[in-house]
file protein_14.pdb (PDB, C-alpha atoms)
ATOM      1  CA  MET A   1      70.829  53.150 115.589
ATOM      2  CA  ALA A   2      68.598  51.447 113.079
ATOM      3  CA  ALA A   3      70.236  50.671 109.744
ATOM      4  CA  SER A   4      69.521  52.526 106.511
ATOM      5  CA  ILE A   5      67.951  50.856 103.474
ATOM      6  CA  ALA A   6      71.175  51.927 101.745
ATOM      7  CA  PRO A   7      74.232  50.412 103.474
ATOM      8  CA  GLU A   8      76.501  53.095 101.986
ATOM      9  CA  CYS A   9      74.481  55.759 103.832
ATOM     10  CA  ASN A  10      74.734  54.130 107.269
ATOM     11  CA  GLU A  11      77.623  56.242 108.445
ATOM     12  CA  ILE A  12      76.125  59.617 107.535
ATOM     13  CA  LYS A  13      72.719  58.449 108.797
ATOM     14  CA  GLU A  14      74.196  57.597 112.177
ATOM     15  CA  ARG A  15      75.818  61.032 112.399
ATOM     16  CA  TYR A  16      72.562  62.726 111.461
ATOM     17  CA  ASP A  17      70.470  60.600 113.880
ATOM     18  CA  THR A  18      72.839  61.409 116.746
ATOM     19  CA  CYS A  19      72.661  65.108 115.929
ATOM     20  CA  PHE A  20      68.865  64.955 115.784
ATOM     21  CA  LEU A  21      68.550  63.212 119.155
ATOM     22  CA  LYS A  22      70.763  65.828 120.790
ATOM     23  CA  TRP A  23      68.821  68.642 119.163
ATOM     24  CA  TYR A  24      65.540  67.024 120.247
ATOM     25  CA  SER A  25      66.331  66.241 123.845
ATOM     26  CA  GLU A  26      69.886  66.258 125.067
ATOM     27  CA  ASN A  27      71.903  69.395 124.461
ATOM     28  CA  ASP A  28      74.298  70.245 127.237
ATOM     29  CA  HIS A  29      73.490  73.438 129.047
ATOM     30  CA  ARG A  30      76.639  75.448 128.664
ATOM     31  CA  ALA A  31      76.215  79.129 127.945
ATOM     32  CA  ASP A  32      77.032  78.796 124.252
ATOM     33  CA  SER A  33      74.625  76.000 123.380
ATOM     34  CA  ASN A  34      70.946  76.246 122.450
ATOM     35  CA  PRO A  35      68.228  74.539 124.478
ATOM     36  CA  GLU A  36      66.630  71.376 123.029
ATOM     37  CA  TYR A  37      63.536  71.258 120.852
ATOM     38  CA  LEU A  38      61.541  69.804 123.737
ATOM     39  CA  ARG A  39      62.520  72.825 125.820
ATOM     40  CA  GLY A  40      61.476  75.372 123.298
ATOM     41  CA  ASN A  41      64.227  75.530 120.669
ATOM     42  CA  THR A  42      62.187  75.283 117.488
ATOM     43  CA  THR A  43      64.840  76.312 115.002
ATOM     44  CA  SER A  44      65.935  73.229 113.122
ATOM     45  CA  ASN A  45      69.150  74.461 111.530
ATOM     46  CA  GLU A  46      71.525  72.623 113.803
ATOM     47  CA  CYS A  47      71.504  69.290 111.928
ATOM     48  CA  GLU A  48      70.509  70.679 108.539
ATOM     49  CA  GLU A  49      73.905  70.167 106.939
ATOM     50  CA  LEU A  50      74.100  66.525 108.001
ATOM     51  CA  PHE A  51      70.508  65.938 106.897
ATOM     52  CA  THR A  52      71.256  67.349 103.431
ATOM     53  CA  LYS A  53      74.250  65.010 103.055
ATOM     54  CA  TYR A  54      72.258  62.025 104.328
ATOM     55  CA  LYS A  55      69.327  62.786 102.006
ATOM     56  CA  LYS A  56      71.658  63.172  99.030
ATOM     57  CA  CYS A  57      73.129  59.740  99.714
ATOM     58  CA  LEU A  58      69.721  58.156 100.330
ATOM     59  CA  ASN A  59      67.931  59.722  97.364
ATOM     60  CA  LYS A  60      70.546  58.402  94.963
ATOM     61  CA  VAL A  61      69.904  54.839  96.149
ATOM     62  CA  LEU A  62      66.118  55.241  96.235
ATOM     63  CA  LYS A  63      66.254  56.451  92.656
ATOM     64  CA  GLU A  64      68.467  53.564  91.533
ATOM     65  CA  ARG A  65      66.026  51.059  93.009
ATOM     66  CA  GLY A  66      62.939  52.855  91.717
ATOM     67  CA  ILE A  67      61.670  53.455  95.227
ATOM     68  CA  ASP A  68      61.463  57.219  94.672
ATOM     69  CA  THR A  69      58.533  56.927  92.241
ATOM     70  CA  MET A  70      56.927  54.466  94.619
ATOM     71  CA  LEU A  71      57.151  57.023  97.428
ATOM     72  CA  GLU A  72      55.506  59.614  95.210
ATOM     73  CA  ASP A  73      52.697  57.199  94.335
ATOM     74  CA  ALA A  74      52.182  56.331  97.986
ATOM     75  CA  ARG A  75      51.912  59.979  98.908
ATOM     76  CA  LYS A  76      49.475  60.630  96.070
ATOM     77  CA  SER A  77      47.280  57.638  96.841
ATOM     78  CA  SER A  78      47.320  58.395 100.561
ATOM     79  CA  SER A  79      45.866  61.841  99.916
ATOM     80  CA  GLU A  80      43.339  60.230  97.541
ATOM     81  CA  THR A  81      42.173  57.719 100.155
ATOM     82  CA  ASP A  82      41.984  60.493 102.712
ATOM     83  CA  SER A  83      39.665  62.546 100.537
ATOM     84  CA  GLU A  84      37.650  59.406  99.812
ATOM     85  CA  PHE A  85      37.200  58.828 103.543
ATOM     86  CA  LEU A  86      36.287  62.455 104.064
ATOM     87  CA  ARG A  87      33.606  62.290 101.398
ATOM     88  CA  LYS A  88      32.060  59.265 103.078
ATOM     89  CA  SER A  89      31.903  60.700 106.568
TER
ATOM     90  CA  MET E   1      36.133  47.746 106.399
ATOM     91  CA  LYS E   2      37.323  46.686 109.871
ATOM     92  CA  PHE E   3      38.671  48.665 112.804
ATOM     93  CA  PHE E   4      40.951  47.921 115.720
ATOM     94  CA  GLU E   5      41.219  50.206 118.729
ATOM     95  CA  ASN E   6      43.425  50.152 121.792
ATOM     96  CA  LYS E   7      44.283  52.552 124.601
ATOM     97  CA  PHE E   8      47.376  52.245 126.750
ATOM     98  CA  THR E   9      49.170  54.324 129.401
ATOM     99  CA  TYR E  10      52.941  54.549 129.706
ATOM    100  CA  ASP E  11      54.358  55.399 133.151
ATOM    101  CA  TYR E  12      56.755  57.839 131.531
ATOM    102  CA  SER E  13      56.691  61.543 130.711
ATOM    103  CA  PHE E  14      55.678  62.801 127.276
ATOM    104  CA  PRO E  15      59.246  63.944 126.397
ATOM    105  CA  ALA E  16      60.529  60.446 127.180
ATOM    106  CA  VAL E  17      57.772  58.675 125.225
ATOM    107  CA  SER E  18      58.154  60.886 122.164
ATOM    108  CA  LEU E  19      61.926  60.404 122.238
ATOM    109  CA  ALA E  20      61.484  56.630 122.596
ATOM    110  CA  TYR E  21      59.231  56.712 119.538
ATOM    111  CA  PHE E  22      62.103  58.096 117.435
ATOM    112  CA  LEU E  23      64.594  55.757 119.098
ATOM    113  CA  ARG E  24      62.614  52.552 119.260
ATOM    114  CA  TYR E  25      64.336  50.491 116.553
ATOM    115  CA  PRO E  26      66.072  48.167 117.014
ATOM    116  CA  ASN E  27      64.711  46.631 120.215
ATOM    117  CA  PRO E  28      64.295  42.981 121.290
ATOM    118  CA  TYR E  29      60.688  42.969 119.973
ATOM    119  CA  SER E  30      61.479  44.508 116.578
ATOM    120  CA  ARG E  31      63.479  41.780 114.866
ATOM    121  CA  HIS E  32      61.190  42.088 111.839
ATOM    122  CA  VAL E  33      62.221  45.726 111.298
ATOM    123  CA  LEU E  34      65.140  45.669 108.865
ATOM    124  CA  THR E  35      65.804  49.336 108.122
ATOM    125  CA  THR E  36      64.461  52.798 108.898
ATOM    126  CA  ASP E  37      65.224  56.030 107.075
ATOM    127  CA  VAL E  38      64.150  59.635 107.450
ATOM    128  CA  ILE E  39      62.685  60.839 104.156
ATOM    129  CA  ASP E  40      61.566  64.263 105.287
ATOM    130  CA  ARG E  41      61.736  66.307 108.486
ATOM    131  CA  TYR E  42      60.976  69.922 109.320
ATOM    132  CA  VAL E  43      59.641  72.224 112.015
ATOM    133  CA  ASP E  44      56.559  74.141 110.909
ATOM    134  CA  PRO E  45      57.541  77.820 111.364
ATOM    135  CA  ASN E  46      54.014  78.797 112.444
ATOM    136  CA  THR E  47      52.945  75.956 114.747
ATOM    137  CA  HIS E  48      56.505  74.935 115.822
ATOM    138  CA  ARG E  49      55.414  71.327 115.413
ATOM    139  CA  LEU E  50      57.987  68.795 114.280
ATOM    140  CA  HIS E  51      56.975  66.777 111.205
ATOM    141  CA  THR E  52      58.789  63.569 110.267
ATOM    142  CA  THR E  53      58.237  61.143 107.382
ATOM    143  CA  ARG E  54      60.134  57.877 107.462
ATOM    144  CA  LEU E  55      60.561  54.773 105.333
ATOM    145  CA  HIS E  56      60.604  51.417 107.099
ATOM    146  CA  LEU E  57      61.419  48.014 105.664
ATOM    147  CA  LYS E  58      59.793  45.182 107.580
ATOM    148  CA  LYS E  59      59.838  41.452 107.162
ATOM    149  CA  SER E  60      56.396  39.994 106.666
ATOM    150  CA  LYS E  61      55.090  36.473 106.104
ATOM    151  CA  VAL E  62      52.279  37.567 103.802
ATOM    152  CA  PRO E  63      51.783  38.651 101.127
ATOM    153  CA  SER E  64      55.430  39.341 100.200
ATOM    154  CA  GLY E  65      58.735  38.806 101.986
ATOM    155  CA  ILE E  66      59.429  42.437 102.706
ATOM    156  CA  LEU E  67      57.030  45.321 103.175
ATOM    157  CA  LYS E  68      57.722  49.014 102.850
ATOM    158  CA  LEU E  69      55.928  51.318 105.256
ATOM    159  CA  LEU E  70      55.723  55.081 105.302
ATOM    160  CA  PRO E  71      55.176  56.359 108.835
ATOM    161  CA  LYS E  72      54.489  60.052 109.401
ATOM    162  CA  GLY E  73      54.602  61.794 112.755
ATOM    163  CA  MET E  74      53.866  65.223 114.196
ATOM    164  CA  VAL E  75      54.992  66.405 117.666
ATOM    165  CA  ASP E  76      53.649  69.413 119.538
ATOM    166  CA  PRO E  77      56.188  70.039 122.327
ATOM    167  CA  THR E  78      54.286  72.816 124.097
ATOM    168  CA  GLU E  79      50.877  71.135 124.211
ATOM    169  CA  GLY E  80      52.389  67.713 124.880
ATOM    170  CA  TRP E  81      50.967  65.515 122.162
ATOM    171  CA  MET E  82      52.154  63.557 119.161
ATOM    172  CA  GLU E  83      50.236  62.068 116.256
ATOM    173  CA  THR E  84      51.537  59.316 114.024
ATOM    174  CA  GLU E  85      50.202  57.561 110.979
ATOM    175  CA  SER E  86      51.547  54.545 109.145
ATOM    176  CA  ARG E  87      50.325  52.785 106.005
ATOM    177  CA  ASN E  88      51.540  50.023 103.737
ATOM    178  CA  MET E  89      52.871  51.165 100.378
ATOM    179  CA  GLU E  90      52.313  47.998  98.361
ATOM    180  CA  TRP E  91      49.493  45.462  98.098
ATOM    181  CA  THR E  92      46.991  48.119  99.109
ATOM    182  CA  GLY E  93      44.394  46.554  96.793
ATOM    183  CA  ILE E  94      44.565  43.299  98.726
ATOM    184  CA  LEU E  95      44.683  44.944 102.131
ATOM    185  CA  SER E  96      45.275  48.540 103.060
ATOM    186  CA  VAL E  97      46.231  48.984 106.708
ATOM    187  CA  VAL E  98      46.294  52.492 108.173
ATOM    188  CA  GLU E  99      47.498  52.787 111.753
ATOM    189  CA  LYS E 100      46.976  56.064 113.612
ATOM    190  CA  GLN E 101      48.279  56.811 117.077
ATOM    191  CA  HIS E 102      47.636  59.738 119.351
ATOM    192  CA  TYR E 103      50.063  60.217 122.256
ATOM    193  CA  GLN E 104      48.930  62.601 124.958
ATOM    194  CA  ARG E 105      50.567  63.861 128.132
ATOM    195  CA  ILE E 106      48.293  63.284 131.144
ATOM    196  CA  LEU E 107      47.741  66.453 133.123
ATOM    197  CA  THR E 108      46.776  66.157 136.790
ATOM    198  CA  ASP E 109      46.459  68.789 139.519
ATOM    199  CA  GLU E 110      49.886  67.893 140.908
ATOM    200  CA  ASN E 111      51.711  68.077 137.609
ATOM    201  CA  ILE E 112      50.939  71.356 135.977
ATOM    202  CA  GLN E 113      54.591  72.101 135.314
ATOM    203  CA  ALA E 114      55.230  73.360 131.804
ATOM    204  CA  LEU E 115      56.790  70.801 129.472
ATOM    205  CA  ASP E 116      59.799  72.927 128.636
ATOM    206  CA  GLY E 117      61.023  72.680 132.233
ATOM    207  CA  LEU E 118      60.494  68.943 132.407
ATOM    208  CA  SER E 119      63.358  66.493 132.398
ATOM    209  CA  ILE E 120      63.242  63.281 130.383
ATOM    210  CA  ASP E 121      63.256  61.078 133.467
ATOM    211  CA  GLN E 122      60.461  62.854 135.375
ATOM    212  CA  LYS E 123      58.959  59.969 137.335
ATOM    213  CA  SER E 124      55.473  61.164 138.238
ATOM    214  CA  GLU E 125      54.356  61.742 134.676
ATOM    215  CA  GLN E 126      52.234  59.522 132.453
ATOM    216  CA  THR E 127      51.434  59.467 128.750
ATOM    217  CA  THR E 128      48.478  57.760 127.083
ATOM    218  CA  VAL E 129      48.452  56.398 123.566
ATOM    219  CA  ARG E 130      45.326  55.651 121.590
ATOM    220  CA  THR E 131      45.822  53.366 118.589
ATOM    221  CA  THR E 132      43.274  53.095 115.789
ATOM    222  CA  VAL E 133      43.858  50.768 112.851
ATOM    223  CA  THR E 134      41.654  50.658 109.751
ATOM    224  CA  PHE E 135      41.646  47.614 107.463
ATOM    225  CA  ARG E 136      40.257  47.783 103.992
ATOM    226  CA  SER E 137      40.410  45.160 101.280
ATOM    227  CA  ARG E 138      39.512  45.962  97.696
ATOM    228  CA  LEU E 139      40.279  42.486  96.395
ATOM    229  CA  GLY E 140      37.989  41.538  93.539
ATOM    230  CA  GLN E 141      37.022  45.102  92.784
ATOM    231  CA  GLY E 142      39.960  45.985  90.550
ATOM    232  CA  LYS E 143      38.730  44.021  87.537
ATOM    233  CA  PHE E 144      35.305  45.578  87.759
ATOM    234  CA  LEU E 145      36.717  49.073  88.039
ATOM    235  CA  SER E 146      39.110  48.747  85.134
ATOM    236  CA  ARG E 147      36.331  47.359  82.968
ATOM    237  CA  LYS E 148      34.151  50.282  83.788
ATOM    238  CA  LYS E 149      36.966  52.666  82.952
ATOM    239  CA  ALA E 150      37.662  50.965  79.625
ATOM    240  CA  GLY E 151      33.989  51.238  78.727
ATOM    241  CA  PHE E 152      33.481  47.502  78.176
ATOM    242  CA  ASP E 153      30.029  46.219  77.572
ATOM    243  CA  ASN E 154      28.826  45.051  80.969
ATOM    244  CA  ALA E 155      26.410  42.398  79.733
ATOM    245  CA  GLU E 156      29.148  40.641  77.832
ATOM    246  CA  ALA E 157      31.460  40.782  80.844
ATOM    247  CA  GLU E 158      28.842  39.209  83.097
ATOM    248  CA  GLU E 159      28.692  36.184  80.772
ATOM    249  CA  GLU E 160      32.238  35.291  81.743
ATOM    250  CA  GLU E 161      31.634  35.464  85.470
ATOM    251  CA  PRO E 162      30.977  31.716  86.157
ATOM    252  CA  LYS E 163      34.541  30.903  85.060
ATOM    253  CA  ARG E 164      36.017  32.700  88.066
ATOM    254  CA  GLY E 165      38.962  31.088  89.846
ATOM    255  CA  PHE E 166      39.309  29.240  93.128
ATOM    256  CA  PHE E 167      37.553  31.877  95.194
ATOM    257  CA  SER E 168      34.380  31.280  93.197
ATOM    258  CA  SER E 169      32.436  29.808  96.110
ATOM    259  CA  LEU E 170      32.930  32.974  98.153
ATOM    260  CA  SER E 171      31.407  36.328  97.469
ATOM    261  CA  THR E 172      33.760  39.244  96.911
ATOM    262  CA  ALA E 173      32.543  40.799 100.156
ATOM    263  CA  GLY E 174      33.210  37.521 101.976
ATOM    264  CA  ILE E 175      36.797  37.321 100.745
ATOM    265  CA  GLN E 176      37.405  40.940 101.656
ATOM    266  CA  ARG E 177      35.999  40.365 105.148
ATOM    267  CA  THR E 178      38.202  37.299 105.662
ATOM    268  CA  ILE E 179      41.339  39.179 104.624
ATOM    269  CA  GLU E 180      40.423  42.143 106.825
ATOM    270  CA  LEU E 181      39.947  39.821 109.808
ATOM    271  CA  ILE E 182      43.377  38.247 109.280
ATOM    272  CA  GLY E 183      44.755  41.793 109.374
ATOM    273  CA  VAL E 184      42.958  42.529 112.669
ATOM    274  CA  LYS E 185      44.308  39.363 114.271
ATOM    275  CA  ARG E 186      47.894  40.107 113.229
ATOM    276  CA  THR E 187      47.575  43.680 114.397
ATOM    277  CA  ARG E 188      46.589  42.633 117.918
ATOM    278  CA  ASP E 189      49.948  40.835 118.246
ATOM    279  CA  ALA E 190      51.850  43.652 116.546
ATOM    280  CA  VAL E 191      50.423  46.354 118.820
ATOM    281  CA  LEU E 192      51.352  44.321 121.905
ATOM    282  CA  LYS E 193      54.895  43.800 120.623
ATOM    283  CA  SER E 194      55.297  47.465 119.803
ATOM    284  CA  LYS E 195      54.228  48.373 123.374
ATOM    285  CA  GLN E 196      56.737  45.901 124.823
ATOM    286  CA  GLY E 197      59.448  47.314 122.582
ATOM    287  CA  MET E 198      58.657  50.898 123.604
ATOM    288  CA  ASN E 199      58.803  49.897 127.279
ATOM    289  CA  VAL E 200      62.250  48.335 126.843
ATOM    290  CA  VAL E 201      63.513  51.540 125.194
ATOM    291  CA  LEU E 202      61.869  53.712 127.895
ATOM    292  CA  GLU E 203      63.434  51.648 130.679
ATOM    293  CA  ARG E 204      66.878  51.969 129.041
ATOM    294  CA  LEU E 205      66.306  55.702 128.697
ATOM    295  CA  ARG E 206      65.436  56.014 132.384
ATOM    296  CA  SER E 207      68.400  53.988 133.623
ATOM    297  CA  GLY E 208      71.095  55.043 131.154
ATOM    298  CA  GLY E 209      69.884  58.054 129.144
ATOM    299  CA  ILE E 210      70.360  58.155 125.367
ATOM    300  CA  VAL E 211      73.762  56.487 125.769
ATOM    301  CA  GLY E 212      72.009  53.594 127.518
ATOM    302  CA  VAL E 213      69.512  53.263 124.653
ATOM    303  CA  LEU E 214      72.253  53.303 122.013
ATOM    304  CA  GLU E 215      74.237  50.673 123.911
ATOM    305  CA  GLY E 216      71.142  48.453 124.113
ATOM    306  CA  MET E 217      70.522  48.943 120.395
ATOM    307  CA  ARG E 218      73.991  47.769 119.481
ATOM    308  CA  GLU E 219      73.396  44.574 121.450
ATOM    309  CA  ASP E 220      69.959  44.042 119.879
ATOM    310  CA  ARG E 221      71.297  44.600 116.388
ATOM    311  CA  GLU E 222      74.106  42.099 116.859
ATOM    312  CA  ALA E 223      71.745  39.560 118.416
ATOM    313  CA  ALA E 224      69.287  39.915 115.548
ATOM    314  CA  PHE E 225      71.514  40.321 112.514
ATOM    315  CA  GLY E 226      75.113  39.667 113.504
ATOM    316  CA  PRO E 227      77.819  42.343 113.581
ATOM    317  CA  GLU E 228      77.412  43.287 109.905
ATOM    318  CA  GLY E 229      73.882  44.627 110.256
ATOM    319  CA  PRO E 230      70.612  43.597 108.613
ATOM    320  CA  TRP E 231      71.296  44.751 105.049
ATOM    321  CA  LYS E 232      74.142  42.345 104.565
ATOM    322  CA  ARG E 233      71.754  39.457 105.006
ATOM    323  CA  VAL E 234      68.940  41.062 103.083
ATOM    324  CA  TRP E 235      70.928  42.186 100.095
ATOM    325  CA  LEU E 236      73.645  39.599  99.746
ATOM    326  CA  GLN E 237      71.534  36.514 100.247
ATOM    327  CA  GLY E 238      69.103  37.325  97.526
ATOM    328  CA  ASN E 239      66.142  38.639  99.485
ATOM    329  CA  GLY E 240      67.009  42.007  98.024
ATOM    330  CA  ARG E 241      65.832  40.681  94.693
ATOM    331  CA  SER E 242      62.295  40.489  95.938
ATOM    332  CA  ILE E 243      62.425  44.198  96.650
ATOM    333  CA  GLU E 244      63.480  44.964  93.121
ATOM    334  CA  ASP E 245      60.831  42.623  91.754
ATOM    335  CA  ASP E 246      58.168  44.437  93.755
ATOM    336  CA  ASP E 247      59.050  47.656  92.048
ATOM    337  CA  LYS E 248      58.137  46.516  88.570
TER
END
call {"tool": "encode", "arguments": {"input": "protein_14.pdb", "output": "structure tokens"}}
result
Amino acid sequence: MAASIAPECNEIKERYDTCFLKWYSENDHRADSNPEYLRGNTTSNECEELFTKYKKCLNKVLKERGIDTMLEDARKSSSETDSEFLRKS
Amino acid sequence: MKFFENKFTYDYSFPAVSLAYFLRYPNPYSRHVLTTDVIDRYVDPNTHRLHTTRLHLKKSKVPSGILKLLPKGMVDPTEGWMETESRNMEWTGILSVVEKQHYQRILTDENIQALDGLSIDQKSEQTTVRTTVTFRSRLGQGKFLSRKKAGFDNAEAEEEEPKRGFFSSLSTAGIQRTIELIGVKRTRDAVLKSKQGMNVVLERLRSGGIVGVLEGMREDREAAFGPEGPWKRVWLQGNGRSIEDDDK
């Protein structure tokens, strides 16, 4: 799996990524397991707990490096450019 | 503003292509991709579409050593399409690059089977991807804009114009066009590499399933970065500094 920007989050990221891939496409088809997202299971709770842990780890590092404000700016400016493009067309 | 457009068909089903999109790093053509993280992910309760926002760190020769990218994606599993968008987070004044991709399952008379009954390795299926990239440079406009905002007297500002720096022989529009064209040229190579990378991942998926892809990834990662992973090199050898500098 691809590495995280935060080395200390690699382990939890790998666990989350694996869970996501299974949820998306590769659940086994025993009676007690849900079908995959691609086959119509659109509830996303299965990996939620791992995602929360992974995000907690990641957000701490993003904040320490000041990347969190950068992400906010990027989101803001991307919606600004979008509206600019819309006005033009 | 400049545009780049490309259309390509994968000989793989939509479920396989969309999965390969999430699984594509690392691959032998992605040595410049250092890290990827999931920032946000949810299934829209009304449309049942899967939304994903990620953060990628990529090595780049210009204008800085490492670029941060923010790709967003949306999958519709019942209609069989996926839309992605990626833009650079820094240096957008010099060159803003927005890449949009639309992946679409090809429906023919013989394959009208619903997607939810389709297996990942379905051989008769195809998926097209249309890539559109927009390049926009605002270089040389920033000074003008900030002056206007500050309410400076324009006549006085014009007086200083002849003292402009080494780009003085080129018009602002000319510089912007040149930078945009460099972007187009680099993108041609990048789009080709990304296709090759996707095909490697898709082939691994077909022959070995997800386990096969993960095994291939481990080999790619070791070949590219050594057993410790990319961050060791990035952070311990000082390149990490340039990231912190960028954030100022």
call {"tool": "resolve_selection", "arguments": {"input": "protein_14.pdb", "expression": "the PyMOL selection byres ((chain A) within 8 of (chain E))", "output": "PyMOL selection string"}}
result
chain A and resi 1-7+21+24-25+37-40+42-44+55+65-67+70-71+74
call {"tool": "atom_distance", "arguments": {"input": "protein_14.pdb", "atom1": "atom CA of Gln101 of chain E", "atom2": "atom CA of Leu192 of chain E"}}
result
13.7 Å
call {"tool": "atom_distance", "arguments": {"input": "protein_14.pdb", "atom1": "atom CA of His51 of chain E", "atom2": "atom CA of Arg206 of chain E"}}
result
25.2 Å
call {"tool": "atom_distance", "arguments": {"input": "protein_14.pdb", "atom1": "atom CA of Gly93 of chain E", "atom2": "atom CA of Val133 of chain E"}}
result
16.6 Å
call {"tool": "residues_near_point", "arguments": {"input": "protein_14.pdb", "point": "(46.8, 40.7, 108.8)", "cutoff": "10 Å", "atoms": "only C-alpha atoms", "output": "tab-separated table (two decimals) with C-alpha atoms, in the frame of the given file"}}
result
chain	number	residue	atom	x	y	z
E	60	SER	CA	56.40	39.99	106.67
E	61	LYS	CA	55.09	36.47	106.10
E	62	VAL	CA	52.28	37.57	103.80
E	63	PRO	CA	51.78	38.65	101.13
E	95	LEU	CA	44.68	44.94	102.13
E	96	SER	CA	45.28	48.54	103.06
E	97	VAL	CA	46.23	48.98	106.71
E	135	PHE	CA	41.65	47.61	107.46
E	178	THR	CA	38.20	37.30	105.66
E	179	ILE	CA	41.34	39.18	104.62
E	180	GLU	CA	40.42	42.14	106.82
E	181	LEU	CA	39.95	39.82	109.81
E	182	ILE	CA	43.38	38.25	109.28
E	183	GLY	CA	44.76	41.79	109.37
E	184	VAL	CA	42.96	42.53	112.67
E	185	LYS	CA	44.31	39.36	114.27
E	186	ARG	CA	47.89	40.11	113.23
E	187	THR	CA	47.58	43.68	114.40
E	188	ARG	CA	46.59	42.63	117.92
E	189	ASP	CA	49.95	40.84	118.25
E	190	ALA	CA	51.85	43.65	116.55
call {"tool": "axis_aligned_box", "arguments": {"input": "protein_14.pdb", "around": "segment 12-22 of chain E", "padding_each_side": "6 Å", "output": "JSON"}}
result
{"center_x": 58.9, "center_y": 60.3, "center_z": 124.5, "size_x": 18.4, "size_y": 19.3, "size_z": 26.1}
call {"tool": "decode", "arguments": {"input": "protein_14.pdb", "residues": "segment 34-54 of chain E", "atoms": "C-alpha atoms", "output": "CSV table (one decimal), in the first residue's frame"}}
result
chain,number,residue,atom,x,y,z
E,34,LEU,CA,5.9,9.6,-2.4
E,35,THR,CA,2.8,9.4,-0.2
E,36,THR,CA,-1.0,9.2,-0.5
E,37,ASP,CA,-3.5,9.7,2.3
E,38,VAL,CA,-7.3,9.7,2.5
E,39,ILE,CA,-8.5,13.0,3.9
E,40,ASP,CA,-12.2,12.4,3.6
E,41,ARG,CA,-14.5,9.6,2.4
E,42,TYR,CA,-18.2,9.0,2.6
E,43,VAL,CA,-21.1,7.4,0.8
E,44,ASP,CA,-23.8,9.9,-0.1
E,45,PRO,CA,-27.0,8.5,1.6
E,46,ASN,CA,-29.2,9.8,-1.3
E,47,THR,CA,-27.2,9.0,-4.4
E,48,HIS,CA,-25.2,6.1,-2.9
E,49,ARG,CA,-22.1,7.5,-4.6
E,50,LEU,CA,-18.8,7.1,-3.0
E,51,HIS,CA,-16.8,10.3,-2.5
E,52,THR,CA,-13.1,10.3,-1.7
E,53,THR,CA,-10.7,13.2,-1.1
E,54,ARG,CA,-7.0,12.4,-1.0
